[in-house]
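S.K.: Next comes the structure file model-v6.cif, holding mmCIF, N, CA and C atoms.
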data_run
loop_
_atom_site.label_atom_id
_atom_site.label_comp_id
_atom_site.auth_asym_id
_atom_site.auth_seq_id
_atom_site.Cartn_x
_atom_site.Cartn_y
_atom_site.Cartn_z
N MET A 9 18.00 13.92 6.68
CA MET A 9 16.76 13.94 5.92
C MET A 9 16.65 12.68 5.08
N PHE A 10 17.24 12.69 3.90
CA PHE A 10 17.24 11.51 3.04
C PHE A 10 18.60 10.83 3.13
N SER A 11 18.60 9.60 3.52
CA SER A 11 19.84 8.84 3.54
C SER A 11 19.91 7.98 2.29
N PHE A 12 21.09 7.48 2.02
CA PHE A 12 21.26 6.58 0.89
C PHE A 12 20.39 5.34 1.06
N GLU A 13 20.30 4.87 2.29
CA GLU A 13 19.49 3.68 2.58
C GLU A 13 18.01 3.93 2.27
N MET A 14 17.51 5.10 2.62
CA MET A 14 16.12 5.43 2.36
C MET A 14 15.85 5.54 0.85
N ILE A 15 16.75 6.16 0.13
CA ILE A 15 16.59 6.27 -1.32
C ILE A 15 16.61 4.89 -1.96
N LYS A 16 17.49 4.03 -1.47
CA LYS A 16 17.56 2.66 -1.97
C LYS A 16 16.25 1.92 -1.70
N GLU A 17 15.70 2.08 -0.51
CA GLU A 17 14.41 1.45 -0.18
C GLU A 17 13.30 1.95 -1.09
N LEU A 18 13.26 3.25 -1.34
CA LEU A 18 12.22 3.81 -2.20
C LEU A 18 12.34 3.28 -3.64
N MET A 19 13.56 3.18 -4.14
CA MET A 19 13.77 2.65 -5.49
C MET A 19 13.35 1.18 -5.57
N MET A 20 13.69 0.43 -4.53
CA MET A 20 13.33 -0.99 -4.52
C MET A 20 11.81 -1.18 -4.41
N ALA A 21 11.15 -0.29 -3.68
CA ALA A 21 9.69 -0.35 -3.59
C ALA A 21 9.07 -0.09 -4.95
N GLY A 22 9.59 0.91 -5.66
CA GLY A 22 9.09 1.20 -7.00
C GLY A 22 9.34 0.06 -7.96
N LEU A 23 10.54 -0.51 -7.92
CA LEU A 23 10.87 -1.64 -8.80
C LEU A 23 10.04 -2.88 -8.45
N GLY A 24 9.79 -3.09 -7.17
CA GLY A 24 8.94 -4.21 -6.77
C GLY A 24 7.53 -4.06 -7.30
N SER A 25 7.02 -2.86 -7.25
CA SER A 25 5.69 -2.61 -7.79
C SER A 25 5.65 -2.84 -9.30
N VAL A 26 6.69 -2.38 -9.99
CA VAL A 26 6.77 -2.59 -11.43
C VAL A 26 6.86 -4.08 -11.74
N ALA A 27 7.63 -4.82 -10.96
CA ALA A 27 7.77 -6.26 -11.18
C ALA A 27 6.41 -6.95 -11.05
N PHE A 28 5.64 -6.58 -10.06
CA PHE A 28 4.31 -7.17 -9.94
C PHE A 28 3.39 -6.70 -11.07
N GLY A 29 3.59 -5.48 -11.54
CA GLY A 29 2.85 -5.04 -12.71
C GLY A 29 3.14 -5.91 -13.92
N LEU A 30 4.40 -6.29 -14.07
CA LEU A 30 4.77 -7.18 -15.17
C LEU A 30 4.18 -8.57 -14.98
N VAL A 31 4.19 -9.05 -13.74
CA VAL A 31 3.60 -10.36 -13.45
C VAL A 31 2.10 -10.35 -13.74
N PHE A 32 1.43 -9.25 -13.40
CA PHE A 32 -0.01 -9.13 -13.63
C PHE A 32 -0.33 -8.73 -15.07
N ASN A 33 0.70 -8.61 -15.90
CA ASN A 33 0.53 -8.30 -17.31
C ASN A 33 -0.14 -6.94 -17.54
N VAL A 34 0.29 -5.95 -16.77
CA VAL A 34 -0.23 -4.60 -16.89
C VAL A 34 0.33 -3.97 -18.16
N ASN A 35 -0.45 -3.13 -18.79
CA ASN A 35 -0.02 -2.41 -19.99
C ASN A 35 1.30 -1.69 -19.69
N LYS A 36 2.25 -1.83 -20.58
CA LYS A 36 3.60 -1.29 -20.36
C LYS A 36 3.62 0.23 -20.21
N ARG A 37 2.63 0.91 -20.77
CA ARG A 37 2.64 2.37 -20.65
C ARG A 37 2.31 2.85 -19.24
N TYR A 38 1.81 1.96 -18.39
CA TYR A 38 1.49 2.32 -17.00
C TYR A 38 2.63 2.04 -16.03
N LEU A 39 3.70 1.41 -16.48
CA LEU A 39 4.75 0.96 -15.57
C LEU A 39 5.46 2.13 -14.87
N ALA A 40 5.67 3.24 -15.55
CA ALA A 40 6.30 4.39 -14.91
C ALA A 40 5.41 4.96 -13.80
N VAL A 41 4.12 4.98 -14.05
CA VAL A 41 3.17 5.46 -13.04
C VAL A 41 3.16 4.51 -11.85
N ILE A 42 3.19 3.21 -12.13
CA ILE A 42 3.20 2.21 -11.07
C ILE A 42 4.48 2.34 -10.24
N PHE A 43 5.60 2.61 -10.90
CA PHE A 43 6.85 2.86 -10.17
C PHE A 43 6.68 4.03 -9.21
N GLY A 44 6.13 5.13 -9.70
CA GLY A 44 5.92 6.30 -8.85
C GLY A 44 4.98 6.03 -7.70
N LEU A 45 3.93 5.26 -7.94
CA LEU A 45 2.99 4.93 -6.87
C LEU A 45 3.63 4.01 -5.84
N GLY A 46 4.49 3.09 -6.28
CA GLY A 46 5.21 2.23 -5.33
C GLY A 46 6.13 3.05 -4.44
N VAL A 47 6.80 4.04 -5.04
CA VAL A 47 7.66 4.94 -4.27
C VAL A 47 6.80 5.77 -3.30
N LEU A 48 5.67 6.28 -3.78
CA LEU A 48 4.76 7.03 -2.91
C LEU A 48 4.28 6.18 -1.75
N CYS A 49 3.95 4.94 -2.04
CA CYS A 49 3.45 4.04 -1.01
C CYS A 49 4.49 3.82 0.09
N TRP A 50 5.69 3.44 -0.31
CA TRP A 50 6.72 3.17 0.70
C TRP A 50 7.18 4.47 1.37
N GLY A 51 7.24 5.56 0.63
CA GLY A 51 7.59 6.85 1.23
C GLY A 51 6.57 7.29 2.27
N THR A 52 5.29 7.08 1.97
CA THR A 52 4.25 7.41 2.94
C THR A 52 4.39 6.55 4.19
N TRP A 53 4.65 5.26 3.97
CA TRP A 53 4.83 4.34 5.10
C TRP A 53 5.99 4.82 5.99
N LEU A 54 7.13 5.14 5.39
CA LEU A 54 8.29 5.59 6.16
C LEU A 54 8.01 6.89 6.89
N TYR A 55 7.35 7.83 6.21
CA TYR A 55 7.04 9.12 6.83
C TYR A 55 6.09 8.96 8.01
N VAL A 56 5.01 8.22 7.81
CA VAL A 56 4.03 8.05 8.89
C VAL A 56 4.64 7.25 10.04
N ASP A 57 5.51 6.29 9.72
CA ASP A 57 6.15 5.49 10.76
C ASP A 57 7.04 6.34 11.66
N THR A 58 7.61 7.43 11.14
CA THR A 58 8.48 8.27 11.97
C THR A 58 7.71 8.97 13.09
N TRP A 59 6.45 9.30 12.85
CA TRP A 59 5.70 9.97 13.92
C TRP A 59 4.63 9.11 14.57
N MET A 60 4.42 7.88 14.10
CA MET A 60 3.44 6.99 14.74
C MET A 60 4.10 5.91 15.59
N GLU A 61 5.41 5.73 15.47
CA GLU A 61 6.18 4.80 16.28
C GLU A 61 5.56 3.41 16.34
N ASP A 62 5.54 2.72 15.22
CA ASP A 62 5.11 1.33 15.12
C ASP A 62 3.66 1.07 15.49
N ASN A 63 2.79 2.03 15.26
CA ASN A 63 1.35 1.79 15.39
C ASN A 63 0.91 1.26 14.03
N TRP A 64 1.02 -0.05 13.85
CA TRP A 64 0.89 -0.69 12.55
C TRP A 64 -0.44 -0.40 11.87
N PHE A 65 -1.51 -0.39 12.63
CA PHE A 65 -2.83 -0.17 12.05
C PHE A 65 -2.93 1.23 11.43
N VAL A 66 -2.55 2.25 12.18
CA VAL A 66 -2.68 3.64 11.70
C VAL A 66 -1.72 3.89 10.53
N ILE A 67 -0.52 3.35 10.62
CA ILE A 67 0.44 3.52 9.52
C ILE A 67 -0.13 2.92 8.24
N ALA A 68 -0.66 1.70 8.33
CA ALA A 68 -1.21 1.03 7.15
C ALA A 68 -2.47 1.74 6.66
N LEU A 69 -3.29 2.23 7.58
CA LEU A 69 -4.52 2.93 7.20
C LEU A 69 -4.20 4.20 6.41
N ILE A 70 -3.29 5.00 6.93
CA ILE A 70 -2.95 6.26 6.24
C ILE A 70 -2.28 5.96 4.90
N THR A 71 -1.39 5.00 4.88
CA THR A 71 -0.71 4.65 3.62
C THR A 71 -1.71 4.12 2.60
N GLY A 72 -2.60 3.23 3.03
CA GLY A 72 -3.62 2.70 2.12
C GLY A 72 -4.53 3.80 1.59
N LEU A 73 -4.88 4.74 2.45
CA LEU A 73 -5.73 5.87 2.06
C LEU A 73 -5.02 6.74 1.01
N VAL A 74 -3.78 7.09 1.26
CA VAL A 74 -3.03 7.94 0.33
C VAL A 74 -2.87 7.26 -1.02
N VAL A 75 -2.49 5.99 -1.00
CA VAL A 75 -2.26 5.28 -2.27
C VAL A 75 -3.57 5.07 -3.02
N ALA A 76 -4.65 4.79 -2.31
CA ALA A 76 -5.94 4.60 -2.98
C ALA A 76 -6.43 5.90 -3.63
N VAL A 77 -6.27 7.01 -2.93
CA VAL A 77 -6.67 8.30 -3.51
C VAL A 77 -5.80 8.63 -4.73
N ALA A 78 -4.50 8.43 -4.61
CA ALA A 78 -3.61 8.68 -5.75
C ALA A 78 -3.95 7.76 -6.92
N SER A 79 -4.27 6.51 -6.63
CA SER A 79 -4.65 5.56 -7.69
C SER A 79 -5.94 5.98 -8.37
N GLU A 80 -6.90 6.46 -7.60
CA GLU A 80 -8.15 6.95 -8.17
C GLU A 80 -7.92 8.15 -9.08
N ILE A 81 -7.12 9.09 -8.62
CA ILE A 81 -6.84 10.29 -9.42
C ILE A 81 -6.14 9.91 -10.72
N ILE A 82 -5.13 9.06 -10.62
CA ILE A 82 -4.39 8.65 -11.82
C ILE A 82 -5.27 7.83 -12.76
N SER A 83 -6.13 7.01 -12.20
CA SER A 83 -7.00 6.21 -13.06
C SER A 83 -7.98 7.08 -13.84
N ARG A 84 -8.42 8.19 -13.25
CA ARG A 84 -9.30 9.11 -13.96
C ARG A 84 -8.53 9.83 -15.07
N ILE A 85 -7.30 10.20 -14.79
CA ILE A 85 -6.48 10.90 -15.79
C ILE A 85 -6.17 9.97 -16.96
N LEU A 86 -5.79 8.73 -16.66
CA LEU A 86 -5.39 7.79 -17.71
C LEU A 86 -6.54 6.95 -18.24
N ARG A 87 -7.72 7.13 -17.67
CA ARG A 87 -8.91 6.37 -18.09
C ARG A 87 -8.66 4.86 -18.04
N ALA A 88 -8.25 4.41 -16.86
CA ALA A 88 -7.97 3.00 -16.63
C ALA A 88 -8.55 2.62 -15.26
N PRO A 89 -8.77 1.35 -15.01
CA PRO A 89 -9.28 0.94 -13.69
C PRO A 89 -8.28 1.25 -12.58
N SER A 90 -8.79 1.73 -11.46
CA SER A 90 -7.90 2.11 -10.36
C SER A 90 -7.27 0.90 -9.68
N THR A 91 -7.89 -0.26 -9.78
CA THR A 91 -7.34 -1.44 -9.13
C THR A 91 -5.98 -1.83 -9.72
N ILE A 92 -5.77 -1.55 -11.00
CA ILE A 92 -4.47 -1.82 -11.63
C ILE A 92 -3.38 -1.09 -10.85
N PHE A 93 -3.62 0.14 -10.54
CA PHE A 93 -2.62 0.96 -9.87
C PHE A 93 -2.55 0.66 -8.38
N PHE A 94 -3.69 0.47 -7.74
CA PHE A 94 -3.69 0.25 -6.30
C PHE A 94 -3.04 -1.08 -5.94
N LEU A 95 -3.41 -2.14 -6.63
CA LEU A 95 -2.87 -3.46 -6.29
C LEU A 95 -1.36 -3.53 -6.46
N THR A 96 -0.86 -2.99 -7.53
CA THR A 96 0.59 -3.04 -7.74
C THR A 96 1.33 -2.07 -6.83
N ALA A 97 0.73 -0.93 -6.52
CA ALA A 97 1.41 0.07 -5.70
C ALA A 97 1.51 -0.36 -4.24
N THR A 98 0.56 -1.14 -3.75
CA THR A 98 0.59 -1.53 -2.33
C THR A 98 1.46 -2.75 -2.06
N ILE A 99 2.07 -3.31 -3.07
CA ILE A 99 2.93 -4.49 -2.88
C ILE A 99 4.00 -4.24 -1.81
N PRO A 100 4.65 -3.07 -1.76
CA PRO A 100 5.70 -2.89 -0.73
C PRO A 100 5.20 -3.00 0.71
N ILE A 101 3.93 -2.78 0.96
CA ILE A 101 3.46 -2.82 2.35
C ILE A 101 2.65 -4.06 2.69
N ILE A 102 2.50 -4.99 1.75
CA ILE A 102 1.79 -6.23 2.04
C ILE A 102 2.57 -6.96 3.13
N PRO A 103 1.91 -7.40 4.19
CA PRO A 103 2.64 -7.96 5.35
C PRO A 103 3.08 -9.41 5.18
N GLY A 104 3.75 -9.72 4.09
CA GLY A 104 4.21 -11.09 3.85
C GLY A 104 5.28 -11.52 4.83
N GLY A 105 6.21 -10.63 5.13
CA GLY A 105 7.28 -10.96 6.08
C GLY A 105 6.73 -11.24 7.47
N GLN A 106 5.77 -10.44 7.90
CA GLN A 106 5.17 -10.66 9.22
C GLN A 106 4.42 -11.99 9.26
N LEU A 107 3.72 -12.32 8.19
CA LEU A 107 3.00 -13.59 8.13
C LEU A 107 3.98 -14.75 8.16
N TYR A 108 5.10 -14.63 7.46
CA TYR A 108 6.13 -15.67 7.49
C TYR A 108 6.62 -15.89 8.92
N HIS A 109 6.94 -14.80 9.62
CA HIS A 109 7.44 -14.93 10.99
C HIS A 109 6.37 -15.50 11.93
N CYS A 110 5.12 -15.16 11.69
CA CYS A 110 4.02 -15.73 12.47
C CYS A 110 3.97 -17.25 12.28
N MET A 111 4.02 -17.69 11.04
CA MET A 111 3.99 -19.13 10.75
C MET A 111 5.22 -19.83 11.32
N GLN A 112 6.37 -19.17 11.25
CA GLN A 112 7.59 -19.74 11.80
C GLN A 112 7.45 -19.93 13.31
N GLY A 113 6.87 -18.96 13.99
CA GLY A 113 6.65 -19.08 15.43
C GLY A 113 5.68 -20.20 15.77
N ILE A 114 4.65 -20.38 14.94
CA ILE A 114 3.69 -21.46 15.17
C ILE A 114 4.37 -22.82 15.02
N VAL A 115 5.14 -22.96 13.95
CA VAL A 115 5.83 -24.23 13.68
C VAL A 115 6.84 -24.56 14.79
N GLN A 116 7.54 -23.54 15.28
CA GLN A 116 8.56 -23.75 16.31
C GLN A 116 7.98 -23.76 17.73
N GLY A 117 6.67 -23.56 17.85
CA GLY A 117 6.04 -23.60 19.16
C GLY A 117 6.28 -22.36 20.01
N GLN A 118 6.65 -21.27 19.40
CA GLN A 118 6.89 -20.02 20.13
C GLN A 118 5.63 -19.16 20.04
N ARG A 119 4.74 -19.34 20.98
CA ARG A 119 3.43 -18.69 20.91
C ARG A 119 3.49 -17.18 20.98
N ALA A 120 4.34 -16.65 21.85
CA ALA A 120 4.42 -15.19 22.00
C ALA A 120 4.95 -14.55 20.70
N TYR A 121 5.96 -15.17 20.11
CA TYR A 121 6.54 -14.71 18.85
C TYR A 121 5.49 -14.75 17.75
N ALA A 122 4.79 -15.87 17.65
CA ALA A 122 3.75 -16.03 16.62
C ALA A 122 2.61 -15.05 16.85
N SER A 123 2.23 -14.86 18.08
CA SER A 123 1.14 -13.93 18.39
C SER A 123 1.50 -12.50 18.04
N ASP A 124 2.73 -12.10 18.35
CA ASP A 124 3.17 -10.74 18.03
C ASP A 124 3.13 -10.48 16.53
N PHE A 125 3.69 -11.38 15.76
CA PHE A 125 3.71 -11.18 14.31
C PHE A 125 2.34 -11.40 13.68
N GLY A 126 1.54 -12.30 14.25
CA GLY A 126 0.18 -12.50 13.74
C GLY A 126 -0.68 -11.28 13.96
N THR A 127 -0.55 -10.66 15.12
CA THR A 127 -1.30 -9.44 15.42
C THR A 127 -0.86 -8.31 14.49
N ARG A 128 0.44 -8.19 14.28
CA ARG A 128 0.97 -7.17 13.38
C ARG A 128 0.44 -7.37 11.96
N THR A 129 0.43 -8.63 11.50
CA THR A 129 -0.09 -8.94 10.16
C THR A 129 -1.55 -8.53 10.05
N LEU A 130 -2.33 -8.86 11.05
CA LEU A 130 -3.76 -8.52 11.05
C LEU A 130 -3.96 -7.01 11.03
N TYR A 131 -3.23 -6.30 11.87
CA TYR A 131 -3.37 -4.84 11.91
C TYR A 131 -3.02 -4.19 10.58
N ILE A 132 -1.94 -4.64 9.95
CA ILE A 132 -1.53 -4.06 8.68
C ILE A 132 -2.57 -4.35 7.60
N ALA A 133 -3.01 -5.60 7.51
CA ALA A 133 -4.00 -5.95 6.49
C ALA A 133 -5.31 -5.20 6.71
N LEU A 134 -5.73 -5.09 7.95
CA LEU A 134 -6.96 -4.37 8.27
C LEU A 134 -6.81 -2.88 7.96
N GLY A 135 -5.67 -2.31 8.30
CA GLY A 135 -5.43 -0.89 8.03
C GLY A 135 -5.44 -0.58 6.54
N ILE A 136 -4.78 -1.43 5.75
CA ILE A 136 -4.78 -1.22 4.29
C ILE A 136 -6.19 -1.28 3.75
N SER A 137 -6.95 -2.29 4.16
CA SER A 137 -8.29 -2.45 3.61
C SER A 137 -9.24 -1.34 4.04
N ILE A 138 -9.14 -0.89 5.28
CA ILE A 138 -10.01 0.20 5.73
C ILE A 138 -9.61 1.52 5.06
N GLY A 139 -8.31 1.79 4.94
CA GLY A 139 -7.86 2.99 4.25
C GLY A 139 -8.33 3.01 2.81
N MET A 140 -8.22 1.87 2.15
CA MET A 140 -8.68 1.75 0.77
C MET A 140 -10.19 1.96 0.69
N SER A 141 -10.93 1.38 1.61
CA SER A 141 -12.39 1.52 1.61
C SER A 141 -12.82 2.97 1.83
N ILE A 142 -12.15 3.65 2.74
CA ILE A 142 -12.47 5.07 2.99
C ILE A 142 -12.21 5.90 1.74
N ALA A 143 -11.06 5.68 1.12
CA ALA A 143 -10.71 6.45 -0.08
C ALA A 143 -11.71 6.19 -1.20
N TRP A 144 -12.05 4.94 -1.42
CA TRP A 144 -12.97 4.62 -2.51
C TRP A 144 -14.38 5.12 -2.22
N ALA A 145 -14.77 5.13 -0.95
CA ALA A 145 -16.09 5.68 -0.60
C ALA A 145 -16.12 7.19 -0.85
N ILE A 146 -15.04 7.88 -0.49
CA ILE A 146 -14.96 9.32 -0.71
C ILE A 146 -14.98 9.63 -2.21
N CYS A 147 -14.21 8.88 -2.98
CA CYS A 147 -14.17 9.10 -4.43
C CYS A 147 -15.52 8.81 -5.08
N ASP A 148 -16.18 7.76 -4.63
CA ASP A 148 -17.51 7.44 -5.17
C ASP A 148 -18.51 8.53 -4.81
N LEU A 149 -18.47 9.00 -3.58
CA LEU A 149 -19.36 10.08 -3.15
C LEU A 149 -19.10 11.35 -3.94
N SER A 150 -17.84 11.67 -4.17
CA SER A 150 -17.53 12.90 -4.93
C SER A 150 -18.01 12.79 -6.37
N ARG A 151 -17.93 11.61 -6.97
CA ARG A 151 -18.46 11.43 -8.33
C ARG A 151 -19.96 11.62 -8.35
N LYS A 152 -20.66 11.07 -7.36
CA LYS A 152 -22.12 11.21 -7.31
C LYS A 152 -22.53 12.65 -7.09
N VAL A 153 -21.83 13.34 -6.21
CA VAL A 153 -22.14 14.75 -5.95
C VAL A 153 -21.88 15.59 -7.20
N ARG A 154 -20.76 15.34 -7.87
CA ARG A 154 -20.43 16.08 -9.09
C ARG A 154 -21.46 15.85 -10.18
N ARG A 155 -21.91 14.60 -10.34
CA ARG A 155 -22.93 14.30 -11.35
C ARG A 155 -24.26 14.97 -11.01
N ARG A 156 -24.59 15.00 -9.74
CA ARG A 156 -25.87 15.57 -9.35
C ARG A 156 -25.92 17.07 -9.55
N PHE A 157 -24.80 17.75 -9.28
CA PHE A 157 -24.79 19.20 -9.36
C PHE A 157 -24.20 19.76 -10.65
N SER A 158 -23.92 18.90 -11.62
CA SER A 158 -23.40 19.43 -12.88
C SER A 158 -24.34 19.18 -14.03
#
Please, can you express the file's structure as structure tokens?
M.R.:
Amino acid sequence: MFSFEMIKELMMAGLGSVAFGLVFNVNKRYLAVIFGLGVLCWGTWLYVDTWMEDNWFVIALITGLVVAVASEIISRILRAPSTIFFLTATIPIIPGGQLYHCMQGIVQGQRAYASDFGTRTLYIALGISIGMSIAWAICDLSRKVRRRFS
């Protein structure tokens, strides 16, 4: 179920999110929440990856959707902008490593290698952005419906 390696990855994802929160000068009282969202983000990625078998777009879409919804809920509770939480929480899944390998393949003239990692980078970035857009559209719609009927 949970291995030491998985727990270590989850802790590092949370700490990475907190580190970016510090870089972005986020209010210190939000850092524990950001840690939890970073853990949620990477945990969702690992869970979805176990049953999607490297379908990068769907994994990123579901993870982006879950983190965006959680960020919206927490932002309403704490009365803070949701982007503070979403941007720092998604740091563990930003495809920086894939982009690096893509550029490395381009520089070394390995087109297949560069194409594979470039496609993966595009799928992950597109999945995150579409998942985030779906979540924010749903949250916006629910606010409008609640205002109209209350």
S.K.: Extract, using only N, CA and C atoms, all DNA, RNA and protein residues at most 7 Å from segment 28-34 of chain A, discarding same-chain residues fewer than 5 positions from it, and format them as an MDAnalysis selection string.
M.R.: chainID A and resid 23 39 96
S.K.: With distances taken over only C-alpha atoms, which of A:Met20, A:Ile82, A:Ala68, A:Val74 is nearest to Pro103 of chain A?
M.R.: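 Checking each of A:Met20, A:Ile82, A:Ala68, A:Val74 against Pro103 of chain A, counting only C-alpha atoms, the winner is A:Ala68.
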S.K.: Could you go through segment 37-127 of chain A and tell me which residues DSSP, when run on the backbone, assigns to alpha helix (DSSP H), listing them as a ChimeraX atom specification?
M.R.: /A:39-60,64-86,90-97,104-115,119-127
S.K.: Pick from A:Thr98, A:Lys16, A:Val77, A:Arg84: nearest to Cys49 of chain A, with only C-alpha atoms counted?
M.R.: A:Thr98
S.K.: In Å, how far is it from atom C of Ile132 of chain A to atom C of Ile99 of chain A?
M.R.: 11.5 Å
S.K.: To one decimal place, how far is atom CA of Ala40 of chain A from atom CA of Ile85 of chain A in Å?
M.R.: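 Here the two named atoms are 14.4 Å from each other.
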S.K.: Excluding Val66 of chain A and any residue of its chain fewer than 2 positions from it, enumerate the residues within 12 Å of it, using only C-alpha atoms, and give them as a list in words.
M.R.: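 Within the cut-off, the hits are Thr52, Trp53, Val56, Asp57, Trp59, Met60, Glu61, Asp62, Asn63, Trp64, Ala68, Leu69, Ile70, Thr71, Gly72, Leu73, Arg128, Tyr131, Ile132, Ala133, Leu134, Gly135, Ile136, Ser137, Ile138 and Gly139 of chain A.
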